[in-house]
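Right, one structure below, let's go through it.
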Amino acid sequence: MRLAFFADIHANRQAFATCLEAARGRGADRFIFLGDYVGYGADPEWTLATVMELVGQGAPAVRGNHDNAIGTRSETMNAEAQAAIEWTRGRLSASERKFLTGLPLSCEEGDRLYVHSEASQPARWHYVRSAADAGRSLIATDAHITFSGHIHRPALYSMSVTGKMTQFIPLSGIAVQLLPGRRWLAVLGSVGQPRDGDPAACFAMFDTDRCEITYYRVPYDVDTAAQRIRDNGLPSLLADRLFVGR
């Protein structure tokens, strides 16, 4: 089975639609969503309608910190992110807000764990920036592979049976076998707002038979996504950063 993973969509309709099309074109059998469907971008309604439809068809989904902020006003963010959250609250229906608040913080499926931030304290929204951060997440679960998002930069980490950590940045379109003798943390890049210097949208596919993960970068219509942000009166920084992937 080929699983397609999406994280940090952030209401970017153009990026999400492009990634969905690319995943379907590569034979995706199921979709998995790792949180932050809203925030920053200008199309939360379309994004949530699409995710909710796929979840209704059996796709697993977990809650991200921006999703959590819709119903939890104590969630603090920087000024631009907070402005987008407050704008988003006014756009969503009661059923859409209920969907977000009802999502779990993590989800287990076979030998895989899905979480937005990391496994040790999912509700604290820690970033995985290093092998030490990844190790803390890995020792908190028995899963062979943990899939997460949150940091908007793709990375792969692994831990040996003796606790030795490895880390590297995956290349687009190159399959990596997740060997059974190690435990793995696959950090997805962002669909809707990459921050690794590459503005192309990012998603990943996992082949359960081969135990292989492949990250993909796909260009999308950045101009339209940025203009949608500006047209809706959201902070211009949120539009400008899409062009540079920062």
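The way I read the labels, and the way they are meant: chains A, B, ... in the order of the structure tokens, residue 1 as the first residue of every chain, and ligand 1 as the first ligand shown, with later ones counted on from there.
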Which of stretch 33-137 of chain A end up as strand (DSSP E) when DSSP is run on this backbone - answer as a ChimeraX atom specification? /A:33,106-109,112-115
Show me, as CSV, the residues of stretch 113-207 of chain A having an atom within 8 Å of stretch 59-78 of chain A, each with the closest atom pair and its distance in Å, using only C-alpha atoms.
```
residue,atom,partner,partner_atom,distance
A:Tyr114,CA,A:Val62,CA,7.2
A:Val115,CA,A:Val62,CA,6.3
A:His116,CA,A:Gly64,CA,5.4
A:Ser117,CA,A:Gly64,CA,7.5
A:Trp125,CA,A:Asn65,CA,6.7
A:His150,CA,A:Gly64,CA,7.5
```
Report as a tab-separated table the residues of stretch 57-117 of chain A within 12 Å of stretch 208-232 of chain A, each with its shortest atom pair and distance in Å (one decimal), using only C-alpha atoms, ordered by chain and increasing residue number.
```
residue	atom	partner	partner_atom	distance
A:Glu80	CA	A:Ile229	CA	11.8
A:Ala83	CA	A:Asn232	CA	11.7
A:Ala84	CA	A:Ile229	CA	9.6
A:Trp87	CA	A:Asn232	CA	9.1
A:Thr88	CA	A:Asn232	CA	10.7
A:Arg91	CA	A:Asn232	CA	11.2
A:Glu109	CA	A:Thr208	CA	11.7
A:Gly110	CA	A:Thr208	CA	10.6
A:Asp111	CA	A:Thr208	CA	10.4
A:Arg112	CA	A:Thr208	CA	10.3
```
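The protein and nucleic acid residues lying at most 10 Å from A:Ser160 are Lys164, Met165, Thr166, Pro180, Gly181, Arg182, Arg183 and Trp184 of chain A, with only C-alpha atoms considered and sequence neighbours fewer than 4 positions away removed.
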Please list as a count of residues only every residue within 12 Å of A:Glu118, counting only C-alpha atoms and excluding residues in the same chain fewer than 2 positions away. 43
For A:Leu242, list every protein, DNA or RNA residue within 9 Å, evaluated using only C-alpha atoms, and leave out those in the same chain fewer than 3 positions away; present the list as a list in words. Gly192, Gln193, Pro194, Arg195, Pro199, Ala200, Val222, Asp223, Ala225, Ala226, Leu237, Leu238, Ala239, Gly245 and Arg246 of chain A
Please save N, CA and C atoms of the selected residues as a tab-separated table (two decimals), in the first residue's frame.
```tsv
chain	number	residue	atom	x	y	z
A	192	GLY	N	2.11	23.85	2.62
A	192	GLY	CA	1.66	25.20	2.32
A	192	GLY	C	2.60	26.33	2.65
A	193	GLN	N	3.67	26.05	3.42
A	193	GLN	CA	4.61	27.12	3.76
A	193	GLN	C	5.98	26.55	4.09
A	194	PRO	N	6.73	26.08	3.08
A	194	PRO	CA	8.07	25.53	3.32
A	194	PRO	C	9.00	26.57	3.94
A	195	ARG	N	9.93	26.08	4.77
A	195	ARG	CA	10.88	26.99	5.43
A	195	ARG	C	12.32	26.48	5.33
A	199	PRO	N	10.82	26.99	-2.17
A	199	PRO	CA	9.41	27.35	-2.12
A	199	PRO	C	8.46	26.27	-2.62
A	200	ALA	N	8.98	25.20	-3.24
A	200	ALA	CA	8.11	24.13	-3.74
A	200	ALA	C	7.42	23.41	-2.59
A	222	VAL	N	2.42	29.83	-6.78
A	222	VAL	CA	2.72	30.68	-5.63
A	222	VAL	C	2.08	32.06	-5.79
A	223	ASP	N	2.08	32.58	-7.02
A	223	ASP	CA	1.54	33.92	-7.25
A	223	ASP	C	0.09	34.02	-6.78
A	225	ALA	N	-1.52	31.98	-4.65
A	225	ALA	CA	-1.61	31.79	-3.20
A	225	ALA	C	-1.24	33.06	-2.46
A	226	ALA	N	-0.19	33.74	-2.91
A	226	ALA	CA	0.23	34.98	-2.25
A	226	ALA	C	-0.79	36.09	-2.45
A	237	LEU	N	3.75	39.73	5.05
A	237	LEU	CA	4.85	38.79	5.27
A	237	LEU	C	4.44	37.37	4.93
A	238	LEU	N	3.19	37.01	5.22
A	238	LEU	CA	2.74	35.66	4.98
A	238	LEU	C	2.68	35.35	3.49
A	239	ALA	N	2.49	36.37	2.67
A	239	ALA	CA	2.52	36.20	1.22
A	239	ALA	C	3.97	36.20	0.71
A	245	GLY	N	10.45	30.43	0.44
A	245	GLY	CA	10.47	29.23	1.26
A	245	GLY	C	11.13	29.46	2.61
A	246	ARG	N	10.79	30.59	3.23
A	246	ARG	CA	11.35	30.92	4.55
A	246	ARG	C	10.24	31.32	5.53
```
Among the residues A:Phe203, A:Pro154, A:Pro104, A:Glu96, the one that comes closest to A:Ala4 [using only C-alpha atoms]: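 That would be A:Phe203, the residue with the smallest distance to A:Ala4.
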Let's see if you can do this: from backbone DSSP, list all helix (DSSP H, G or I) residues in stretch 6-239 of chain A, as a PyMOL selection string. chain A and resi 13-25+44-56+65-71+79-89+94-102+122-124+131-138+222-231+236-239
Do a neighbour search on A:Asp8 at 6 Å with only C-alpha atoms, toss out local chain neighbours closer than 6 positions, and write the hits as a list in words.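 Near A:Asp8, the qualifying residues are Gly35, Asp36, Ser190 and Val191 of chain A.
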For those residues, write all heavy atoms to a file as a PDB file, in the first residue's frame.
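Written output follows (selection.pdb):
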```
ATOM      1  N   GLY A  35      -1.622  17.538  10.550  1.00  0.00           N
ATOM      2  CA  GLY A  35      -1.947  18.738  11.298  1.00  0.00           C
ATOM      3  C   GLY A  35      -1.578  20.055  10.654  1.00  0.00           C
ATOM      4  O   GLY A  35      -0.858  20.118   9.660  1.00  0.00           O
ATOM      5  N   ASP A  36      -2.078  21.134  11.253  1.00  0.00           N
ATOM      6  CA  ASP A  36      -1.964  22.512  10.779  1.00  0.00           C
ATOM      7  C   ASP A  36      -2.573  22.672   9.387  1.00  0.00           C
ATOM      8  O   ASP A  36      -1.887  22.984   8.409  1.00  0.00           O
ATOM      9  CB  ASP A  36      -0.513  22.994  10.831  1.00  0.00           C
ATOM     10  CG  ASP A  36      -0.143  23.523  12.212  1.00  0.00           C
ATOM     11  OD1 ASP A  36      -0.975  23.424  13.137  1.00  0.00           O
ATOM     12  OD2 ASP A  36       0.972  24.050  12.363  1.00  0.00           O
ATOM     13  N   SER A 190       6.678  21.071   4.668  1.00  0.00           N
ATOM     14  CA  SER A 190       5.362  21.708   4.662  1.00  0.00           C
ATOM     15  C   SER A 190       4.756  21.746   3.262  1.00  0.00           C
ATOM     16  O   SER A 190       5.432  22.079   2.294  1.00  0.00           O
ATOM     17  CB  SER A 190       5.478  23.136   5.190  1.00  0.00           C
ATOM     18  OG  SER A 190       4.264  23.842   5.047  1.00  0.00           O
ATOM     19  N   VAL A 191       3.463  21.412   3.195  1.00  0.00           N
ATOM     20  CA  VAL A 191       2.723  21.593   1.948  1.00  0.00           C
ATOM     21  C   VAL A 191       2.592  23.081   1.641  1.00  0.00           C
ATOM     22  O   VAL A 191       2.922  23.535   0.547  1.00  0.00           O
ATOM     23  CB  VAL A 191       1.317  20.955   2.048  1.00  0.00           C
ATOM     24  CG1 VAL A 191       0.466  21.344   0.834  1.00  0.00           C
ATOM     25  CG2 VAL A 191       1.415  19.441   2.163  1.00  0.00           C
TER      26      VAL A 191
END
```
I'd like the contact shell of A:Ala23 - 12 Å cut-off, only C-alpha atoms, skipping same-chain residues fewer than 4 positions apart - returned as a PDB file with all heavy atoms, in the first residue's frame.
```pdb
ATOM      1  N   ARG A   2       0.454   2.242  -0.757  1.00  0.00           N
ATOM      2  CA  ARG A   2       1.205   3.498  -0.841  1.00  0.00           C
ATOM      3  C   ARG A   2       0.439   4.583  -0.078  1.00  0.00           C
ATOM      4  O   ARG A   2      -0.688   4.927  -0.441  1.00  0.00           O
ATOM      5  CB  ARG A   2       1.425   3.898  -2.299  1.00  0.00           C
ATOM      6  CG  ARG A   2       2.366   2.938  -3.017  1.00  0.00           C
ATOM      7  CD  ARG A   2       2.532   3.280  -4.486  1.00  0.00           C
ATOM      8  NE  ARG A   2       3.096   4.598  -4.702  1.00  0.00           N
ATOM      9  CZ  ARG A   2       4.402   4.897  -4.583  1.00  0.00           C
ATOM     10  NH1 ARG A   2       5.268   3.950  -4.225  1.00  0.00           N
ATOM     11  NH2 ARG A   2       4.845   6.103  -4.815  1.00  0.00           N
ATOM     12  N   LEU A   3       1.063   5.085   0.987  1.00  0.00           N
ATOM     13  CA  LEU A   3       0.455   6.098   1.841  1.00  0.00           C
ATOM     14  C   LEU A   3       1.042   7.463   1.502  1.00  0.00           C
ATOM     15  O   LEU A   3       2.264   7.607   1.407  1.00  0.00           O
ATOM     16  CB  LEU A   3       0.722   5.785   3.311  1.00  0.00           C
ATOM     17  CG  LEU A   3       0.419   4.367   3.795  1.00  0.00           C
ATOM     18  CD1 LEU A   3       0.784   4.231   5.268  1.00  0.00           C
ATOM     19  CD2 LEU A   3      -1.038   4.017   3.560  1.00  0.00           C
ATOM     20  N   ALA A   4       0.187   8.459   1.352  1.00  0.00           N
ATOM     21  CA  ALA A   4       0.637   9.827   1.085  1.00  0.00           C
ATOM     22  C   ALA A   4       0.457  10.661   2.339  1.00  0.00           C
ATOM     23  O   ALA A   4      -0.631  10.680   2.927  1.00  0.00           O
ATOM     24  CB  ALA A   4      -0.141  10.426  -0.073  1.00  0.00           C
ATOM     25  N   PHE A   5       1.516  11.349   2.755  1.00  0.00           N
ATOM     26  CA  PHE A   5       1.521  12.138   3.982  1.00  0.00           C
ATOM     27  C   PHE A   5       1.579  13.631   3.665  1.00  0.00           C
ATOM     28  O   PHE A   5       2.394  14.066   2.842  1.00  0.00           O
ATOM     29  CB  PHE A   5       2.727  11.777   4.845  1.00  0.00           C
ATOM     30  CG  PHE A   5       2.615  10.429   5.500  1.00  0.00           C
ATOM     31  CD1 PHE A   5       2.996   9.276   4.824  1.00  0.00           C
ATOM     32  CD2 PHE A   5       2.124  10.311   6.794  1.00  0.00           C
ATOM     33  CE1 PHE A   5       2.895   8.030   5.419  1.00  0.00           C
ATOM     34  CE2 PHE A   5       2.022   9.064   7.404  1.00  0.00           C
ATOM     35  CZ  PHE A   5       2.401   7.928   6.716  1.00  0.00           C
ATOM     36  N   PHE A   6       0.732  14.381   4.376  1.00  0.00           N
ATOM     37  CA  PHE A   6       0.678  15.827   4.194  1.00  0.00           C
ATOM     38  C   PHE A   6       0.733  16.497   5.560  1.00  0.00           C
ATOM     39  O   PHE A   6      -0.034  16.146   6.461  1.00  0.00           O
ATOM     40  CB  PHE A   6      -0.606  16.251   3.485  1.00  0.00           C
ATOM     41  CG  PHE A   6      -0.859  15.532   2.187  1.00  0.00           C
ATOM     42  CD1 PHE A   6      -1.555  14.329   2.176  1.00  0.00           C
ATOM     43  CD2 PHE A   6      -0.401  16.046   0.994  1.00  0.00           C
ATOM     44  CE1 PHE A   6      -1.786  13.657   0.989  1.00  0.00           C
ATOM     45  CE2 PHE A   6      -0.631  15.381  -0.198  1.00  0.00           C
ATOM     46  CZ  PHE A   6      -1.321  14.180  -0.204  1.00  0.00           C
ATOM     47  N   PHE A  16      -1.881  22.678  -1.746  1.00  0.00           N
ATOM     48  CA  PHE A  16      -2.535  21.430  -1.346  1.00  0.00           C
ATOM     49  C   PHE A  16      -3.123  20.708  -2.551  1.00  0.00           C
ATOM     50  O   PHE A  16      -2.957  19.496  -2.702  1.00  0.00           O
ATOM     51  CB  PHE A  16      -3.606  21.741  -0.308  1.00  0.00           C
ATOM     52  CG  PHE A  16      -4.249  20.536   0.337  1.00  0.00           C
ATOM     53  CD1 PHE A  16      -3.598  19.317   0.419  1.00  0.00           C
ATOM     54  CD2 PHE A  16      -5.516  20.640   0.890  1.00  0.00           C
ATOM     55  CE1 PHE A  16      -4.193  18.222   1.026  1.00  0.00           C
ATOM     56  CE2 PHE A  16      -6.128  19.554   1.494  1.00  0.00           C
ATOM     57  CZ  PHE A  16      -5.465  18.339   1.559  1.00  0.00           C
ATOM     58  N   ALA A  17      -3.805  21.438  -3.402  1.00  0.00           N
ATOM     59  CA  ALA A  17      -4.408  20.816  -4.593  1.00  0.00           C
ATOM     60  C   ALA A  17      -3.333  20.201  -5.480  1.00  0.00           C
ATOM     61  O   ALA A  17      -3.507  19.103  -6.032  1.00  0.00           O
ATOM     62  CB  ALA A  17      -5.220  21.846  -5.368  1.00  0.00           C
ATOM     63  N   THR A  18      -2.199  20.890  -5.606  1.00  0.00           N
ATOM     64  CA  THR A  18      -1.105  20.371  -6.428  1.00  0.00           C
ATOM     65  C   THR A  18      -0.514  19.106  -5.822  1.00  0.00           C
ATOM     66  O   THR A  18      -0.225  18.136  -6.537  1.00  0.00           O
ATOM     67  CB  THR A  18      -0.015  21.447  -6.584  1.00  0.00           C
ATOM     68  OG1 THR A  18      -0.573  22.584  -7.250  1.00  0.00           O
ATOM     69  CG2 THR A  18       1.153  20.924  -7.410  1.00  0.00           C
ATOM     70  N   CYS A  19      -0.352  19.087  -4.502  1.00  0.00           N
ATOM     71  CA  CYS A  19       0.199  17.904  -3.837  1.00  0.00           C
ATOM     72  C   CYS A  19      -0.761  16.717  -3.914  1.00  0.00           C
ATOM     73  O   CYS A  19      -0.329  15.575  -4.120  1.00  0.00           O
ATOM     74  CB  CYS A  19       0.533  18.224  -2.383  1.00  0.00           C
ATOM     75  SG  CYS A  19       1.994  19.262  -2.167  1.00  0.00           S
ATOM     76  N   GLY A  27       0.032   7.060  -7.484  1.00  0.00           N
ATOM     77  CA  GLY A  27      -0.629   5.835  -7.040  1.00  0.00           C
ATOM     78  C   GLY A  27      -0.945   5.757  -5.566  1.00  0.00           C
ATOM     79  O   GLY A  27      -1.012   4.650  -5.007  1.00  0.00           O
ATOM     80  N   ALA A  28      -1.167   6.879  -4.912  1.00  0.00           N
ATOM     81  CA  ALA A  28      -1.490   6.856  -3.481  1.00  0.00           C
ATOM     82  C   ALA A  28      -2.770   6.068  -3.228  1.00  0.00           C
ATOM     83  O   ALA A  28      -3.791   6.286  -3.879  1.00  0.00           O
ATOM     84  CB  ALA A  28      -1.643   8.275  -2.950  1.00  0.00           C
ATOM     85  N   ASP A  29      -2.711   5.162  -2.263  1.00  0.00           N
ATOM     86  CA  ASP A  29      -3.881   4.375  -1.870  1.00  0.00           C
ATOM     87  C   ASP A  29      -4.628   5.008  -0.699  1.00  0.00           C
ATOM     88  O   ASP A  29      -5.838   4.843  -0.571  1.00  0.00           O
ATOM     89  CB  ASP A  29      -3.449   2.958  -1.463  1.00  0.00           C
ATOM     90  CG  ASP A  29      -2.796   2.198  -2.599  1.00  0.00           C
ATOM     91  OD1 ASP A  29      -3.455   2.000  -3.634  1.00  0.00           O
ATOM     92  OD2 ASP A  29      -1.620   1.824  -2.447  1.00  0.00           O
ATOM     93  N   ARG A  30      -3.896   5.707   0.174  1.00  0.00           N
ATOM     94  CA  ARG A  30      -4.492   6.352   1.345  1.00  0.00           C
ATOM     95  C   ARG A  30      -3.787   7.673   1.592  1.00  0.00           C
ATOM     96  O   ARG A  30      -2.621   7.854   1.220  1.00  0.00           O
ATOM     97  CB  ARG A  30      -4.360   5.494   2.604  1.00  0.00           C
ATOM     98  CG  ARG A  30      -5.129   4.200   2.606  1.00  0.00           C
ATOM     99  CD  ARG A  30      -5.054   3.542   3.978  1.00  0.00           C
ATOM    100  NE  ARG A  30      -5.835   4.270   4.970  1.00  0.00           N
ATOM    101  CZ  ARG A  30      -5.549   4.301   6.269  1.00  0.00           C
ATOM    102  NH1 ARG A  30      -4.488   3.670   6.738  1.00  0.00           N
ATOM    103  NH2 ARG A  30      -6.322   4.950   7.110  1.00  0.00           N
ATOM    104  N   PHE A  31      -4.494   8.564   2.280  1.00  0.00           N
ATOM    105  CA  PHE A  31      -3.932   9.832   2.677  1.00  0.00           C
ATOM    106  C   PHE A  31      -3.854   9.901   4.205  1.00  0.00           C
ATOM    107  O   PHE A  31      -4.757   9.421   4.899  1.00  0.00           O
ATOM    108  CB  PHE A  31      -4.784  10.993   2.159  1.00  0.00           C
ATOM    109  CG  PHE A  31      -4.898  11.035   0.661  1.00  0.00           C
ATOM    110  CD1 PHE A  31      -6.130  10.835   0.038  1.00  0.00           C
ATOM    111  CD2 PHE A  31      -3.794  11.278  -0.129  1.00  0.00           C
ATOM    112  CE1 PHE A  31      -6.242  10.869  -1.332  1.00  0.00           C
ATOM    113  CE2 PHE A  31      -3.892  11.320  -1.508  1.00  0.00           C
ATOM    114  CZ  PHE A  31      -5.122  11.113  -2.118  1.00  0.00           C
ATOM    115  N   ILE A  32      -2.787  10.512   4.712  1.00  0.00           N
ATOM    116  CA  ILE A  32      -2.633  10.742   6.151  1.00  0.00           C
ATOM    117  C   ILE A  32      -2.294  12.210   6.345  1.00  0.00           C
ATOM    118  O   ILE A  32      -1.428  12.758   5.646  1.00  0.00           O
ATOM    119  CB  ILE A  32      -1.540   9.846   6.769  1.00  0.00           C
ATOM    120  CG1 ILE A  32      -1.974   8.369   6.764  1.00  0.00           C
ATOM    121  CG2 ILE A  32      -1.246  10.265   8.207  1.00  0.00           C
ATOM    122  CD1 ILE A  32      -1.522   7.594   5.590  1.00  0.00           C
ATOM    123  N   CYS A 202       5.886  20.461  -0.306  1.00  0.00           N
ATOM    124  CA  CYS A 202       6.510  19.190   0.065  1.00  0.00           C
ATOM    125  C   CYS A 202       5.472  18.221   0.618  1.00  0.00           C
ATOM    126  O   CYS A 202       4.599  18.603   1.398  1.00  0.00           O
ATOM    127  CB  CYS A 202       7.594  19.429   1.119  1.00  0.00           C
ATOM    128  SG  CYS A 202       8.569  17.957   1.520  1.00  0.00           S
ATOM    129  N   PHE A 203       5.545  16.976   0.185  1.00  0.00           N
ATOM    130  CA  PHE A 203       4.785  15.890   0.792  1.00  0.00           C
ATOM    131  C   PHE A 203       5.621  14.629   0.664  1.00  0.00           C
ATOM    132  O   PHE A 203       6.707  14.643   0.066  1.00  0.00           O
ATOM    133  CB  PHE A 203       3.402  15.720   0.136  1.00  0.00           C
ATOM    134  CG  PHE A 203       3.418  15.103  -1.234  1.00  0.00           C
ATOM    135  CD1 PHE A 203       3.135  13.752  -1.412  1.00  0.00           C
ATOM    136  CD2 PHE A 203       3.716  15.860  -2.357  1.00  0.00           C
ATOM    137  CE1 PHE A 203       3.141  13.168  -2.671  1.00  0.00           C
ATOM    138  CE2 PHE A 203       3.723  15.295  -3.635  1.00  0.00           C
ATOM    139  CZ  PHE A 203       3.429  13.948  -3.786  1.00  0.00           C
ATOM    140  N   ALA A 204       5.165  13.538   1.248  1.00  0.00           N
ATOM    141  CA  ALA A 204       5.927  12.293   1.187  1.00  0.00           C
ATOM    142  C   ALA A 204       4.995  11.122   0.959  1.00  0.00           C
ATOM    143  O   ALA A 204       3.805  11.181   1.278  1.00  0.00           O
ATOM    144  CB  ALA A 204       6.730  12.075   2.467  1.00  0.00           C
ATOM    145  N   MET A 205       5.566  10.048   0.414  1.00  0.00           N
ATOM    146  CA  MET A 205       4.826   8.803   0.227  1.00  0.00           C
ATOM    147  C   MET A 205       5.619   7.662   0.837  1.00  0.00           C
ATOM    148  O   MET A 205       6.844   7.622   0.745  1.00  0.00           O
ATOM    149  CB  MET A 205       4.536   8.555  -1.249  1.00  0.00           C
ATOM    150  CG  MET A 205       3.599   9.601  -1.836  1.00  0.00           C
ATOM    151  SD  MET A 205       3.018   9.237  -3.511  1.00  0.00           S
ATOM    152  CE  MET A 205       2.032   7.759  -3.218  1.00  0.00           C
ATOM    153  N   PHE A 206       4.877   6.754   1.470  1.00  0.00           N
ATOM    154  CA  PHE A 206       5.482   5.609   2.129  1.00  0.00           C
ATOM    155  C   PHE A 206       4.902   4.333   1.550  1.00  0.00           C
ATOM    156  O   PHE A 206       3.682   4.150   1.526  1.00  0.00           O
ATOM    157  CB  PHE A 206       5.227   5.666   3.635  1.00  0.00           C
ATOM    158  CG  PHE A 206       5.786   4.502   4.399  1.00  0.00           C
ATOM    159  CD1 PHE A 206       7.152   4.320   4.511  1.00  0.00           C
ATOM    160  CD2 PHE A 206       4.943   3.584   5.004  1.00  0.00           C
ATOM    161  CE1 PHE A 206       7.672   3.248   5.218  1.00  0.00           C
ATOM    162  CE2 PHE A 206       5.449   2.511   5.708  1.00  0.00           C
ATOM    163  CZ  PHE A 206       6.820   2.335   5.822  1.00  0.00           C
ATOM    164  N   THR A 214       9.530   8.221   0.298  1.00  0.00           N
ATOM    165  CA  THR A 214      10.027   9.122  -0.738  1.00  0.00           C
ATOM    166  C   THR A 214       9.414  10.492  -0.515  1.00  0.00           C
ATOM    167  O   THR A 214       8.186  10.627  -0.458  1.00  0.00           O
ATOM    168  CB  THR A 214       9.657   8.620  -2.147  1.00  0.00           C
ATOM    169  OG1 THR A 214      10.080   7.267  -2.309  1.00  0.00           O
ATOM    170  CG2 THR A 214      10.323   9.482  -3.220  1.00  0.00           C
ATOM    171  N   TYR A 215      10.274  11.480  -0.386  1.00  0.00           N
ATOM    172  CA  TYR A 215       9.817  12.865  -0.276  1.00  0.00           C
ATOM    173  C   TYR A 215       9.724  13.458  -1.678  1.00  0.00           C
ATOM    174  O   TYR A 215      10.548  13.151  -2.539  1.00  0.00           O
ATOM    175  CB  TYR A 215      10.796  13.694   0.545  1.00  0.00           C
ATOM    176  CG  TYR A 215      10.801  13.409   2.032  1.00  0.00           C
ATOM    177  CD1 TYR A 215      11.277  12.196   2.534  1.00  0.00           C
ATOM    178  CD2 TYR A 215      10.356  14.357   2.945  1.00  0.00           C
ATOM    179  CE1 TYR A 215      11.298  11.946   3.898  1.00  0.00           C
ATOM    180  CE2 TYR A 215      10.370  14.125   4.311  1.00  0.00           C
ATOM    181  CZ  TYR A 215      10.840  12.913   4.773  1.00  0.00           C
ATOM    182  OH  TYR A 215      10.862  12.664   6.122  1.00  0.00           O
ATOM    183  N   TYR A 216       8.747  14.330  -1.868  1.00  0.00           N
ATOM    184  CA  TYR A 216       8.573  14.990  -3.158  1.00  0.00           C
ATOM    185  C   TYR A 216       8.454  16.495  -2.971  1.00  0.00           C
ATOM    186  O   TYR A 216       7.804  16.968  -2.031  1.00  0.00           O
ATOM    187  CB  TYR A 216       7.317  14.480  -3.865  1.00  0.00           C
ATOM    188  CG  TYR A 216       7.399  13.035  -4.294  1.00  0.00           C
ATOM    189  CD1 TYR A 216       6.801  12.030  -3.531  1.00  0.00           C
ATOM    190  CD2 TYR A 216       8.078  12.665  -5.448  1.00  0.00           C
ATOM    191  CE1 TYR A 216       6.874  10.700  -3.911  1.00  0.00           C
ATOM    192  CE2 TYR A 216       8.167  11.329  -5.828  1.00  0.00           C
ATOM    193  CZ  TYR A 216       7.556  10.362  -5.066  1.00  0.00           C
ATOM    194  OH  TYR A 216       7.638   9.043  -5.442  1.00  0.00           O
ATOM    195  N   ARG A 217       9.066  17.253  -3.876  1.00  0.00           N
ATOM    196  CA  ARG A 217       8.874  18.699  -3.953  1.00  0.00           C
ATOM    197  C   ARG A 217       8.173  18.996  -5.270  1.00  0.00           C
ATOM    198  O   ARG A 217       8.628  18.551  -6.336  1.00  0.00           O
ATOM    199  CB  ARG A 217      10.217  19.439  -3.903  1.00  0.00           C
ATOM    200  CG  ARG A 217      11.054  19.142  -2.682  1.00  0.00           C
ATOM    201  CD  ARG A 217      10.307  19.344  -1.364  1.00  0.00           C
ATOM    202  NE  ARG A 217      10.031  20.727  -1.029  1.00  0.00           N
ATOM    203  CZ  ARG A 217      10.768  21.456  -0.193  1.00  0.00           C
ATOM    204  NH1 ARG A 217      11.829  20.913   0.395  1.00  0.00           N
ATOM    205  NH2 ARG A 217      10.418  22.702   0.091  1.00  0.00           N
ATOM    206  N   VAL A 218       7.096  19.744  -5.174  1.00  0.00           N
ATOM    207  CA  VAL A 218       6.306  20.052  -6.368  1.00  0.00           C
ATOM    208  C   VAL A 218       6.057  21.557  -6.453  1.00  0.00           C
ATOM    209  O   VAL A 218       5.514  22.155  -5.526  1.00  0.00           O
ATOM    210  CB  VAL A 218       4.967  19.276  -6.378  1.00  0.00           C
ATOM    211  CG1 VAL A 218       5.204  17.800  -6.618  1.00  0.00           C
ATOM    212  CG2 VAL A 218       4.204  19.455  -5.079  1.00  0.00           C
TER     213      VAL A 218
END
```
To one decimal in Å, tell me the separation between atom CA of A:Thr47 and atom CA of A:Arg97.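 Computed distance, atom CA of A:Thr47 to atom CA of A:Arg97, equals 12.8 Å.
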